[in-house]
file start.txt (compact mmCIF, C-alpha atoms)
# COMPACT_ATOMS: atom_id res chain seq x y z
CA GLU A 77 22.58 188.42 88.73
CA ALA A 78 21.94 191.61 86.78
CA ALA A 79 23.84 193.61 89.39
CA ALA A 80 26.85 191.31 89.06
CA LYS A 81 26.81 191.49 85.26
CA LEU A 82 26.60 195.27 85.33
CA GLY A 83 29.50 195.52 87.79
CA LEU A 84 27.59 197.79 90.14
CA GLU A 85 29.62 198.97 93.13
CA HIS A 86 26.75 200.43 95.19
CA ILE A 87 23.04 199.65 95.01
CA VAL A 88 20.10 201.48 96.58
CA VAL A 89 17.05 199.30 97.29
CA THR A 90 13.75 201.01 98.02
CA SER A 91 10.02 200.35 97.81
CA VAL A 92 6.60 201.87 98.08
CA ASP A 93 4.87 201.40 101.42
CA ARG A 94 3.66 197.77 101.62
CA ASP A 95 0.81 197.82 104.14
CA ASP A 96 -0.74 194.95 102.15
CA LEU A 97 1.92 192.60 103.50
CA ALA A 98 1.87 191.24 107.05
CA ASP A 99 5.46 192.37 107.69
CA GLY A 100 5.13 195.68 105.86
CA GLY A 101 7.51 194.46 103.18
CA ALA A 102 10.49 193.79 105.48
CA GLY A 103 10.85 190.26 104.12
CA GLN A 104 11.22 191.61 100.59
CA PHE A 105 14.15 193.77 101.67
CA VAL A 106 15.74 190.75 103.35
CA LYS A 107 15.38 188.60 100.22
CA VAL A 108 16.91 191.27 97.99
CA ILE A 109 19.85 191.84 100.35
CA GLU A 110 20.52 188.11 100.63
CA ALA A 111 20.34 187.66 96.85
CA LEU A 112 22.77 190.53 96.27
CA ARG A 113 25.19 189.12 98.85
CA ARG A 114 25.16 185.77 97.02
CA THR A 115 25.57 187.09 93.49
CA THR A 116 27.70 190.22 93.95
CA PRO A 117 29.33 190.11 97.40
CA LYS A 118 31.57 193.11 96.76
CA THR A 119 28.66 195.44 96.02
CA THR A 120 27.70 197.69 98.93
CA ILE A 121 23.98 197.85 99.70
CA GLU A 122 21.90 200.81 100.82
CA ILE A 123 18.24 200.39 101.67
CA LEU A 124 15.52 203.03 101.97
CA THR A 125 12.55 201.73 103.94
CA PRO A 126 9.17 202.95 105.18
CA ASP A 127 8.54 203.15 108.93
CA PHE A 128 6.67 199.80 109.11
CA ARG A 129 4.34 201.40 111.66
CA GLY A 130 3.25 198.86 114.28
CA ARG A 131 5.68 196.23 112.94
CA MET A 132 8.81 198.31 113.38
CA GLN A 133 10.81 196.22 115.86
CA ALA A 134 10.45 192.89 114.06
CA ALA A 135 11.06 194.54 110.69
CA VAL A 136 14.22 196.30 111.82
CA GLU A 137 15.59 193.16 113.48
CA SER A 138 15.13 191.04 110.36
CA ILE A 139 16.57 193.64 107.97
CA VAL A 140 19.56 194.45 110.16
CA ALA A 141 20.31 190.73 110.46
CA ALA A 142 20.53 190.59 106.64
CA GLY A 143 23.41 193.06 106.84
CA PRO A 144 22.88 196.14 104.62
CA ASP A 145 25.74 198.63 104.61
CA VAL A 146 23.47 201.69 104.87
CA TYR A 147 19.99 201.92 106.37
CA ASN A 148 18.07 204.99 105.18
CA HIS A 149 14.70 206.20 106.41
CA ASN A 150 13.72 209.81 105.72
CA LEU A 151 12.20 212.11 108.33
CA GLU A 152 11.15 214.41 105.43
CA THR A 153 10.35 217.55 107.45
CA VAL A 154 10.22 219.16 110.89
CA PRO A 155 7.81 217.82 113.56
CA ARG A 156 5.43 220.82 113.37
CA LEU A 157 4.64 220.09 109.72
CA TYR A 158 3.97 216.35 110.10
CA PRO A 159 0.15 216.66 110.34
CA THR A 160 0.04 218.16 106.83
CA ILE A 161 3.16 216.74 105.15
CA ARG A 162 3.31 213.23 106.70
CA PRO A 163 -0.16 212.70 108.24
CA GLY A 164 0.25 208.92 108.35
CA ALA A 165 3.65 208.99 110.07
CA ARG A 166 5.08 210.01 113.42
CA TYR A 167 8.30 212.00 113.72
CA TYR A 168 9.62 210.31 116.85
CA ALA A 169 8.68 206.86 115.58
CA SER A 170 10.88 207.46 112.53
CA LEU A 171 13.72 208.61 114.77
CA ARG A 172 13.27 205.53 116.94
CA LEU A 173 13.48 203.25 113.90
CA LEU A 174 16.94 204.56 113.02
CA GLU A 175 17.96 204.45 116.66
CA GLN A 176 16.98 200.77 116.77
CA VAL A 177 19.14 200.04 113.74
CA LYS A 178 22.17 201.40 115.61
CA SER A 179 21.31 199.53 118.78
CA HIS A 180 21.14 196.22 116.87
CA ASP A 181 24.29 196.83 114.78
CA PRO A 182 26.41 199.98 115.34
CA ALA A 183 28.49 199.12 112.25
CA ILE A 184 25.59 199.83 109.88
CA PHE A 185 25.60 203.41 108.61
CA THR A 186 22.28 205.19 109.17
CA LYS A 187 20.98 207.90 106.91
CA SER A 188 18.02 210.27 106.83
CA GLY A 189 16.89 213.31 104.89
CA ILE A 190 14.57 216.27 104.91
CA MET A 191 13.15 218.53 102.22
CA LEU A 192 13.30 222.30 102.63
CA GLY A 193 10.87 224.91 101.35
CA LEU A 194 7.77 223.60 103.12
CA GLY A 195 7.53 226.47 105.61
CA GLU A 196 10.02 225.17 108.18
CA GLU A 197 11.92 227.65 110.37
CA ARG A 198 15.71 227.71 110.56
CA LEU A 199 15.82 226.78 114.26
CA GLU A 200 13.41 223.90 113.61
CA VAL A 201 15.85 222.51 111.05
CA HIS A 202 18.68 222.83 113.57
CA GLN A 203 16.58 220.91 116.11
CA VAL A 204 15.99 218.10 113.60
CA MET A 205 19.76 217.88 113.14
CA ASP A 206 20.21 217.61 116.92
CA ASP A 207 17.52 214.92 117.13
CA MET A 208 19.24 212.97 114.36
CA ARG A 209 22.60 213.15 116.08
CA CYS A 210 21.02 211.98 119.36
CA ALA A 211 19.79 208.96 117.36
CA GLN A 212 23.39 208.50 116.05
CA ILE A 213 22.41 209.09 112.42
CA ASP A 214 25.56 209.24 110.29
CA PHE A 215 24.43 210.82 107.05
CA LEU A 216 22.07 213.75 106.45
CA THR A 217 20.61 214.73 103.08
CA MET A 218 18.82 218.06 102.53
CA GLY A 219 17.13 219.08 99.28
CA GLN A 220 14.56 221.50 97.89
CA TYR A 221 10.93 220.38 97.99
CA LEU A 222 9.28 220.52 94.57
CA ARG A 223 5.54 220.17 94.11
CA PRO A 224 4.87 217.02 92.03
CA THR A 225 1.22 217.83 91.21
CA PRO A 226 -1.31 220.61 91.98
CA LYS A 227 -2.87 218.25 94.54
CA HIS A 228 0.31 218.25 96.65
CA THR A 229 1.47 220.85 99.16
CA ALA A 230 2.58 224.09 97.56
CA VAL A 231 6.20 225.23 97.71
CA ILE A 232 6.44 227.91 100.41
CA GLU A 233 10.02 228.95 99.66
CA PHE A 234 12.78 228.24 97.19
CA VAL A 235 15.80 227.98 99.49
CA THR A 236 18.95 229.59 98.12
CA PRO A 237 22.15 227.61 97.46
CA GLN A 238 23.85 229.84 100.03
CA ALA A 239 21.31 228.82 102.68
CA PHE A 240 21.88 225.16 101.82
CA ASP A 241 25.62 225.69 102.21
CA ALA A 242 25.04 227.25 105.64
CA TYR A 243 22.84 224.35 106.74
CA GLY A 244 25.48 221.90 105.49
CA ALA A 245 28.22 223.63 107.47
CA ILE A 246 26.12 223.52 110.64
CA ALA A 247 25.33 219.84 110.10
CA ARG A 248 29.02 218.99 109.72
CA ALA A 249 29.79 220.91 112.88
CA LYS A 250 27.18 218.85 114.71
CA GLY A 251 29.11 215.68 113.87
CA PHE A 252 27.48 213.99 110.87
CA LEU A 253 29.96 211.80 109.02
CA GLN A 254 28.51 212.88 105.68
CA VAL A 255 26.21 215.72 104.59
CA ALA A 256 24.64 216.38 101.18
CA ALA A 257 22.84 219.73 101.10
CA SER A 258 21.82 221.48 97.89
CA PRO A 259 18.62 222.32 95.98
CA LEU A 260 19.03 219.24 93.77
CA THR A 261 19.98 216.78 96.53
CA ARG A 262 17.70 213.77 96.83
CA SER A 263 17.80 210.74 99.07
CA SER A 264 19.91 208.62 96.69
CA TYR A 265 21.82 211.53 95.12
CA HIS A 266 25.43 210.41 94.47
CA ALA A 267 24.78 207.58 96.94
CA GLY A 268 27.82 205.51 95.97
CA ASP A 269 30.33 208.36 96.14
CA ASP A 270 28.84 209.60 99.40
CA PHE A 271 29.06 206.11 100.89
CA GLN A 272 32.78 205.96 100.12
CA ALA A 273 33.30 209.39 101.70
CA MET A 274 31.28 208.41 104.78
CA ARG A 275 33.23 205.17 105.23
CA ALA A 276 36.52 207.08 104.92
CA ALA A 277 35.31 209.60 107.53
CA ARG A 278 34.51 206.80 109.98
CA GLU A 279 37.89 205.18 109.41
CA ALA A 280 39.61 208.52 110.02
CA GLN A 281 37.67 208.93 113.27
CA LEU A 282 38.62 205.43 114.42
CA ALA A 283 42.27 206.06 113.56
CA LYS A 284 42.32 209.05 115.90
CA THR A 285 41.13 206.90 118.82
CA ARG A 286 43.74 204.17 118.37
call {"tool": "encode", "arguments": {"input": "start.txt", "output": "structure tokens"}}
result
Amino acid sequence: EAAAKLGLEHIVVTSVDRDDLADGGAGQFVKVIEALRRTTPKTTIEILTPDFRGRMQAAVESIVAAGPDVYNHNLETVPRLYPTIRPGARYYASLRLLEQVKSHDPAIFTKSGIMLGLGEERLEVHQVMDDMRCAQIDFLTMGQYLRPTPKHTAVIEFVTPQAFDAYGAIARAKGFLQVAASPLTRSSYHAGDDFQAMRAAREAQLAKTR
């Protein structure tokens, strides 16, 4: 009801990892999507979920059935750095999650992002882009990693705006419908405006095939 009163056009729904729940929190996403559809049907909905680990298939099926407009799950970094940056996750499992979303409903836009400055190599970033496109991911976000506390991984490099621009150009050439690449880009950065641009890009693509 609050969303309807505020006249929100685009909403991003996210959560902390919910390993305390039997379904990993998938049911909570479903309830929120259904409530938003009832109270503010014109609002577009973007969700950002964890990987659900061993409950991935059932979680994806239930959430996709609820009908979000955008399904986001971040890969965060290149595969080589997963043991230190995402020790509890698996790179190819995260890719498979987004691939499953597309297989269940190709109309849902899929989105993923990585942070730069963690020690990744340029060609590793290009490979992540290729892996994402093989999984039919529509939207790529790329931002600068910043160290939240001294206990977290140190920043290895502050990537220049020019380097972000170059990565963005390469990503567009690889076929992403939408790319956001800058030091300040975050997963939900300008999410509503980017959704409109991504939807327009898909419509333009479909128009060319008619």
call {"tool": "closest_residue", "arguments": {"input": "start.txt", "among": "A:Glu152, A:Leu199, A:Ala102, A:Ala257", "to": "Ala245 of chain A", "atoms": "all atoms listed in the file"}}
result
A:Ala257
call {"tool": "closest_residue", "arguments": {"input": "start.txt", "among": "A:His86, A:Lys107, A:His149, A:Arg172", "to": "Ile121 of chain A", "atoms": "only C-alpha atoms"}}
result
A:His86
call {"tool": "closest_residue", "arguments": {"input": "start.txt", "among": "A:Tyr167, A:Phe185, A:Phe128, A:Phe271", "to": "Tyr147 of chain A", "atoms": "only C-alpha atoms"}}
result
A:Phe185
call {"tool": "residues_around", "arguments": {"input": "start.txt", "residues": "segment 122-125 of chain A", "least_positions_apart": "3", "cutoff": "7 Å", "atoms": "all atoms listed in the file", "output": "PDB file with C-alpha atoms, keeping the file's coordinate frame"}}
result
ATOM      1  CA  ILE A  87      23.040 199.650  95.010  1.00  0.00           C
ATOM      2  CA  VAL A  88      20.100 201.480  96.580  1.00  0.00           C
ATOM      3  CA  VAL A  89      17.050 199.300  97.290  1.00  0.00           C
ATOM      4  CA  THR A  90      13.750 201.010  98.020  1.00  0.00           C
ATOM      5  CA  SER A  91      10.020 200.350  97.810  1.00  0.00           C
ATOM      6  CA  PRO A 144      22.880 196.140 104.620  1.00  0.00           C
ATOM      7  CA  ASP A 145      25.740 198.630 104.610  1.00  0.00           C
ATOM      8  CA  VAL A 146      23.470 201.690 104.870  1.00  0.00           C
ATOM      9  CA  TYR A 147      19.990 201.920 106.370  1.00  0.00           C
ATOM     10  CA  ASN A 148      18.070 204.990 105.180  1.00  0.00           C
ATOM     11  CA  HIS A 149      14.700 206.200 106.410  1.00  0.00           C
TER      12      HIS A 149
END
call {"tool": "atom_distance", "arguments": {"input": "start.txt", "atom1": "atom CA of Ala239 of chain A", "atom2": "atom CA of Ser258 of chain A"}}
result
8.8 Å
call {"tool": "closest_residue", "arguments": {"input": "start.txt", "among": "A:Glu85, A:Glu110, A:Asp95, A:Glu137", "to": "Glu175 of chain A", "atoms": "only C-alpha atoms"}}
result
A:Glu137
call {"tool": "closest_residue", "arguments": {"input": "start.txt", "among": "A:Leu216, A:Leu82, A:Val204, A:Val136", "to": "Ala267 of chain A", "atoms": "all atoms listed in the file"}}
result
A:Leu216
call {"tool": "residues_around", "arguments": {"input": "start.txt", "residues": "His228 of chain A", "least_positions_apart": "6", "cutoff": "12 Å", "atoms": "all atoms listed in the file", "output": "PDB file with C-alpha atoms, in the frame of the given file"}}
result
ATOM      1  CA  THR A 160       0.040 218.160 106.830  1.00  0.00           C
ATOM      2  CA  ILE A 161       3.160 216.740 105.150  1.00  0.00           C
ATOM      3  CA  ARG A 162       3.310 213.230 106.700  1.00  0.00           C
ATOM      4  CA  LEU A 194       7.770 223.600 103.120  1.00  0.00           C
ATOM      5  CA  TYR A 221      10.930 220.380  97.990  1.00  0.00           C
ATOM      6  CA  LEU A 222       9.280 220.520  94.570  1.00  0.00           C
TER       7      LEU A 222
END
call {"tool": "residues_near_point", "arguments": {"input": "start.txt", "point": "(25.9, 222.3, 96.3)", "cutoff": "10 Å", "atoms": "all atoms listed in the file", "output": "PDB file with C-alpha atoms, in the coordinates of the input"}}
result
ATOM      1  CA  GLY A 219      17.130 219.080  99.280  1.00  0.00           C
ATOM      2  CA  PRO A 237      22.150 227.610  97.460  1.00  0.00           C
ATOM      3  CA  GLN A 238      23.850 229.840 100.030  1.00  0.00           C
ATOM      4  CA  PHE A 240      21.880 225.160 101.820  1.00  0.00           C
ATOM      5  CA  ASP A 241      25.620 225.690 102.210  1.00  0.00           C
ATOM      6  CA  GLY A 244      25.480 221.900 105.490  1.00  0.00           C
ATOM      7  CA  ALA A 256      24.640 216.380 101.180  1.00  0.00           C
ATOM      8  CA  ALA A 257      22.840 219.730 101.100  1.00  0.00           C
ATOM      9  CA  SER A 258      21.820 221.480  97.890  1.00  0.00           C
ATOM     10  CA  PRO A 259      18.620 222.320  95.980  1.00  0.00           C
ATOM     11  CA  LEU A 260      19.030 219.240  93.770  1.00  0.00           C
ATOM     12  CA  THR A 261      19.980 216.780  96.530  1.00  0.00           C
TER      13      THR A 261
END
call {"tool": "residues_around", "arguments": {"input": "start.txt", "residues": "Ser179 of chain A", "least_positions_apart": "2", "cutoff": "12 Å", "atoms": "all atoms listed in the file", "output": "list in words"}}
result
Gln133, Val136, Glu137, Val140, Arg172, Leu173, Leu174, Glu175, Gln176, Val177, Asp181, Pro182, Ala183, Ile184, Phe185, Thr186, Ala211, Gln212 and Ile213 of chain A
call {"tool": "closest_residue", "arguments": {"input": "start.txt", "among": "A:Gln104, A:Asn150, A:Thr119, A:Thr217", "to": "Tyr265 of chain A", "atoms": "only C-alpha atoms"}}
result
A:Thr217
call {"tool": "residues_near_point", "arguments": {"input": "start.txt", "point": "(10.4, 214.9, 110.6)", "cutoff": "8 Å", "atoms": "all atoms listed in the file", "output": "PDB file with C-alpha atoms, in the frame of the given file"}}
result
ATOM      1  CA  ASN A 150      13.720 209.810 105.720  1.00  0.00           C
ATOM      2  CA  LEU A 151      12.200 212.110 108.330  1.00  0.00           C
ATOM      3  CA  GLU A 152      11.150 214.410 105.430  1.00  0.00           C
ATOM      4  CA  THR A 153      10.350 217.550 107.450  1.00  0.00           C
ATOM      5  CA  VAL A 154      10.220 219.160 110.890  1.00  0.00           C
ATOM      6  CA  PRO A 155       7.810 217.820 113.560  1.00  0.00           C
ATOM      7  CA  LEU A 157       4.640 220.090 109.720  1.00  0.00           C
ATOM      8  CA  TYR A 158       3.970 216.350 110.100  1.00  0.00           C
ATOM      9  CA  ARG A 166       5.080 210.010 113.420  1.00  0.00           C
ATOM     10  CA  TYR A 167       8.300 212.000 113.720  1.00  0.00           C
ATOM     11  CA  TYR A 168       9.620 210.310 116.850  1.00  0.00           C
ATOM     12  CA  SER A 170      10.880 207.460 112.530  1.00  0.00           C
ATOM     13  CA  ILE A 190      14.570 216.270 104.910  1.00  0.00           C
ATOM     14  CA  VAL A 204      15.990 218.100 113.600  1.00  0.00           C
TER      15      VAL A 204
END
call {"tool": "residues_around", "arguments": {"input": "start.txt", "residues": "Gly193 of chain A", "least_positions_apart": "6", "cutoff": "6 Å", "atoms": "all atoms listed in the file", "output": "list of chain:residue names"}}
result
A:Tyr221, A:Val231, A:Ile232, A:Glu233, A:Phe234
call {"tool": "atom_distance", "arguments": {"input": "start.txt", "atom1": "atom CA of Asp207 of chain A", "atom2": "atom CA of Arg156 of chain A"}}
result
14.0 Å
call {"tool": "axis_aligned_box", "arguments": {"input": "start.txt", "around": "segment 118-128 of chain A", "padding_each_side": "4 Å", "output": "AutoDock Vina command-line options"}}
result
--center_x 19.1 --center_y 198.1 --center_z 102.6 --size_x 32.9 --size_y 18.0 --size_z 21.1
call {"tool": "atom_distance", "arguments": {"input": "start.txt", "atom1": "atom CA of Ile109 of chain A", "atom2": "atom CA of Glu279 of chain A"}}
result
24.2 Å
call {"tool": "build_atoms", "arguments": {"input": "start.txt", "residues": "segment 88-99 of chain A", "atoms": "all heavy atoms", "output": "PDB file, keeping the file's coordinate frame"}}
result
ATOM      1  N   VAL A  88      21.116 200.973  95.660  1.00  0.00           N
ATOM      2  CA  VAL A  88      20.100 201.480  96.580  1.00  0.00           C
ATOM      3  C   VAL A  88      18.809 200.698  96.327  1.00  0.00           C
ATOM      4  O   VAL A  88      18.318 200.643  95.199  1.00  0.00           O
ATOM      5  CB  VAL A  88      19.849 202.978  96.384  1.00  0.00           C
ATOM      6  CG1 VAL A  88      18.763 203.470  97.347  1.00  0.00           C
ATOM      7  CG2 VAL A  88      21.137 203.767  96.594  1.00  0.00           C
ATOM      8  N   VAL A  89      18.273 200.106  97.384  1.00  0.00           N
ATOM      9  CA  VAL A  89      17.050 199.300  97.290  1.00  0.00           C
ATOM     10  C   VAL A  89      15.949 200.016  98.052  1.00  0.00           C
ATOM     11  O   VAL A  89      16.083 200.297  99.249  1.00  0.00           O
ATOM     12  CB  VAL A  89      17.265 197.899  97.912  1.00  0.00           C
ATOM     13  CG1 VAL A  89      15.983 197.070  97.793  1.00  0.00           C
ATOM     14  CG2 VAL A  89      18.445 197.193  97.270  1.00  0.00           C
ATOM     15  N   THR A  90      14.861 200.326  97.361  1.00  0.00           N
ATOM     16  CA  THR A  90      13.750 201.010  98.020  1.00  0.00           C
ATOM     17  C   THR A  90      12.439 200.381  97.608  1.00  0.00           C
ATOM     18  O   THR A  90      12.405 199.411  96.850  1.00  0.00           O
ATOM     19  CB  THR A  90      13.769 202.514  97.693  1.00  0.00           C
ATOM     20  OG1 THR A  90      12.773 203.178  98.479  1.00  0.00           O
ATOM     21  CG2 THR A  90      13.518 202.768  96.218  1.00  0.00           C
ATOM     22  N   SER A  91      11.330 200.919  98.116  1.00  0.00           N
ATOM     23  CA  SER A  91      10.020 200.350  97.810  1.00  0.00           C
ATOM     24  C   SER A  91       8.946 201.375  98.129  1.00  0.00           C
ATOM     25  O   SER A  91       9.174 202.338  98.869  1.00  0.00           O
ATOM     26  CB  SER A  91       9.769 199.094  98.646  1.00  0.00           C
ATOM     27  OG  SER A  91       9.510 199.446  99.995  1.00  0.00           O
ATOM     28  N   VAL A  92       7.761 201.144  97.587  1.00  0.00           N
ATOM     29  CA  VAL A  92       6.600 201.870  98.080  1.00  0.00           C
ATOM     30  C   VAL A  92       6.192 201.245  99.408  1.00  0.00           C
ATOM     31  O   VAL A  92       6.649 200.157  99.762  1.00  0.00           O
ATOM     32  CB  VAL A  92       5.427 201.778  97.077  1.00  0.00           C
ATOM     33  CG1 VAL A  92       5.785 202.464  95.778  1.00  0.00           C
ATOM     34  CG2 VAL A  92       5.064 200.312  96.816  1.00  0.00           C
ATOM     35  N   ASP A  93       5.357 201.944 100.151  1.00  0.00           N
ATOM     36  CA  ASP A  93       4.870 201.400 101.420  1.00  0.00           C
ATOM     37  C   ASP A  93       4.065 200.137 101.136  1.00  0.00           C
ATOM     38  O   ASP A  93       3.216 200.130 100.253  1.00  0.00           O
ATOM     39  CB  ASP A  93       3.998 202.452 102.117  1.00  0.00           C
ATOM     40  CG  ASP A  93       3.823 202.168 103.589  1.00  0.00           C
ATOM     41  OD1 ASP A  93       4.273 201.106 104.038  1.00  0.00           O
ATOM     42  OD2 ASP A  93       3.235 203.003 104.289  1.00  0.00           O
ATOM     43  N   ARG A  94       4.333 199.052 101.886  1.00  0.00           N
ATOM     44  CA  ARG A  94       3.660 197.770 101.620  1.00  0.00           C
ATOM     45  C   ARG A  94       2.784 197.366 102.805  1.00  0.00           C
ATOM     46  O   ARG A  94       2.998 196.371 103.483  1.00  0.00           O
ATOM     47  CB  ARG A  94       4.705 196.694 101.323  1.00  0.00           C
ATOM     48  CG  ARG A  94       5.485 196.920 100.049  1.00  0.00           C
ATOM     49  CD  ARG A  94       4.592 197.125  98.819  1.00  0.00           C
ATOM     50  NE  ARG A  94       3.616 196.043  98.633  1.00  0.00           N
ATOM     51  CZ  ARG A  94       3.842 194.975  97.865  1.00  0.00           C
ATOM     52  NH1 ARG A  94       4.985 194.854  97.210  1.00  0.00           N
ATOM     53  NH2 ARG A  94       2.930 194.044  97.753  1.00  0.00           N
ATOM     54  N   ASP A  95       1.743 198.160 103.066  1.00  0.00           N
ATOM     55  CA  ASP A  95       0.810 197.820 104.140  1.00  0.00           C
ATOM     56  C   ASP A  95      -0.022 196.585 103.803  1.00  0.00           C
ATOM     57  O   ASP A  95      -0.713 196.042 104.664  1.00  0.00           O
ATOM     58  CB  ASP A  95      -0.128 198.995 104.408  1.00  0.00           C
ATOM     59  CG  ASP A  95       0.568 200.122 105.144  1.00  0.00           C
ATOM     60  OD1 ASP A  95       1.610 199.854 105.756  1.00  0.00           O
ATOM     61  OD2 ASP A  95       0.070 201.257 105.108  1.00  0.00           O
ATOM     62  N   ASP A  96       0.023 196.143 102.526  1.00  0.00           N
ATOM     63  CA  ASP A  96      -0.740 194.950 102.150  1.00  0.00           C
ATOM     64  C   ASP A  96      -0.068 193.676 102.628  1.00  0.00           C
ATOM     65  O   ASP A  96      -0.683 192.611 102.637  1.00  0.00           O
ATOM     66  CB  ASP A  96      -0.926 194.907 100.635  1.00  0.00           C
ATOM     67  CG  ASP A  96       0.402 194.894  99.886  1.00  0.00           C
ATOM     68  OD1 ASP A  96       1.295 195.680 100.274  1.00  0.00           O
ATOM     69  OD2 ASP A  96       0.542 194.116  98.932  1.00  0.00           O
ATOM     70  N   LEU A  97       1.194 193.771 103.033  1.00  0.00           N
ATOM     71  CA  LEU A  97       1.920 192.600 103.500  1.00  0.00           C
ATOM     72  C   LEU A  97       1.972 192.575 105.032  1.00  0.00           C
ATOM     73  O   LEU A  97       2.076 193.619 105.673  1.00  0.00           O
ATOM     74  CB  LEU A  97       3.352 192.600 102.944  1.00  0.00           C
ATOM     75  CG  LEU A  97       3.462 192.560 101.418  1.00  0.00           C
ATOM     76  CD1 LEU A  97       4.929 192.606 100.993  1.00  0.00           C
ATOM     77  CD2 LEU A  97       2.794 191.305 100.864  1.00  0.00           C
ATOM     78  N   ALA A  98       1.926 191.377 105.589  1.00  0.00           N
ATOM     79  CA  ALA A  98       1.870 191.240 107.050  1.00  0.00           C
ATOM     80  C   ALA A  98       3.078 191.870 107.735  1.00  0.00           C
ATOM     81  O   ALA A  98       2.978 192.387 108.851  1.00  0.00           O
ATOM     82  CB  ALA A  98       1.753 189.766 107.428  1.00  0.00           C
ATOM     83  N   ASP A  99       4.251 191.824 107.072  1.00  0.00           N
ATOM     84  CA  ASP A  99       5.460 192.370 107.690  1.00  0.00           C
ATOM     85  C   ASP A  99       5.811 193.753 107.146  1.00  0.00           C
ATOM     86  O   ASP A  99       6.908 194.253 107.376  1.00  0.00           O
ATOM     87  CB  ASP A  99       6.646 191.424 107.490  1.00  0.00           C
ATOM     88  CG  ASP A  99       7.032 191.273 106.032  1.00  0.00           C
ATOM     89  OD1 ASP A  99       6.311 191.796 105.154  1.00  0.00           O
ATOM     90  OD2 ASP A  99       8.068 190.637 105.756  1.00  0.00           O
TER      91      ASP A  99
END
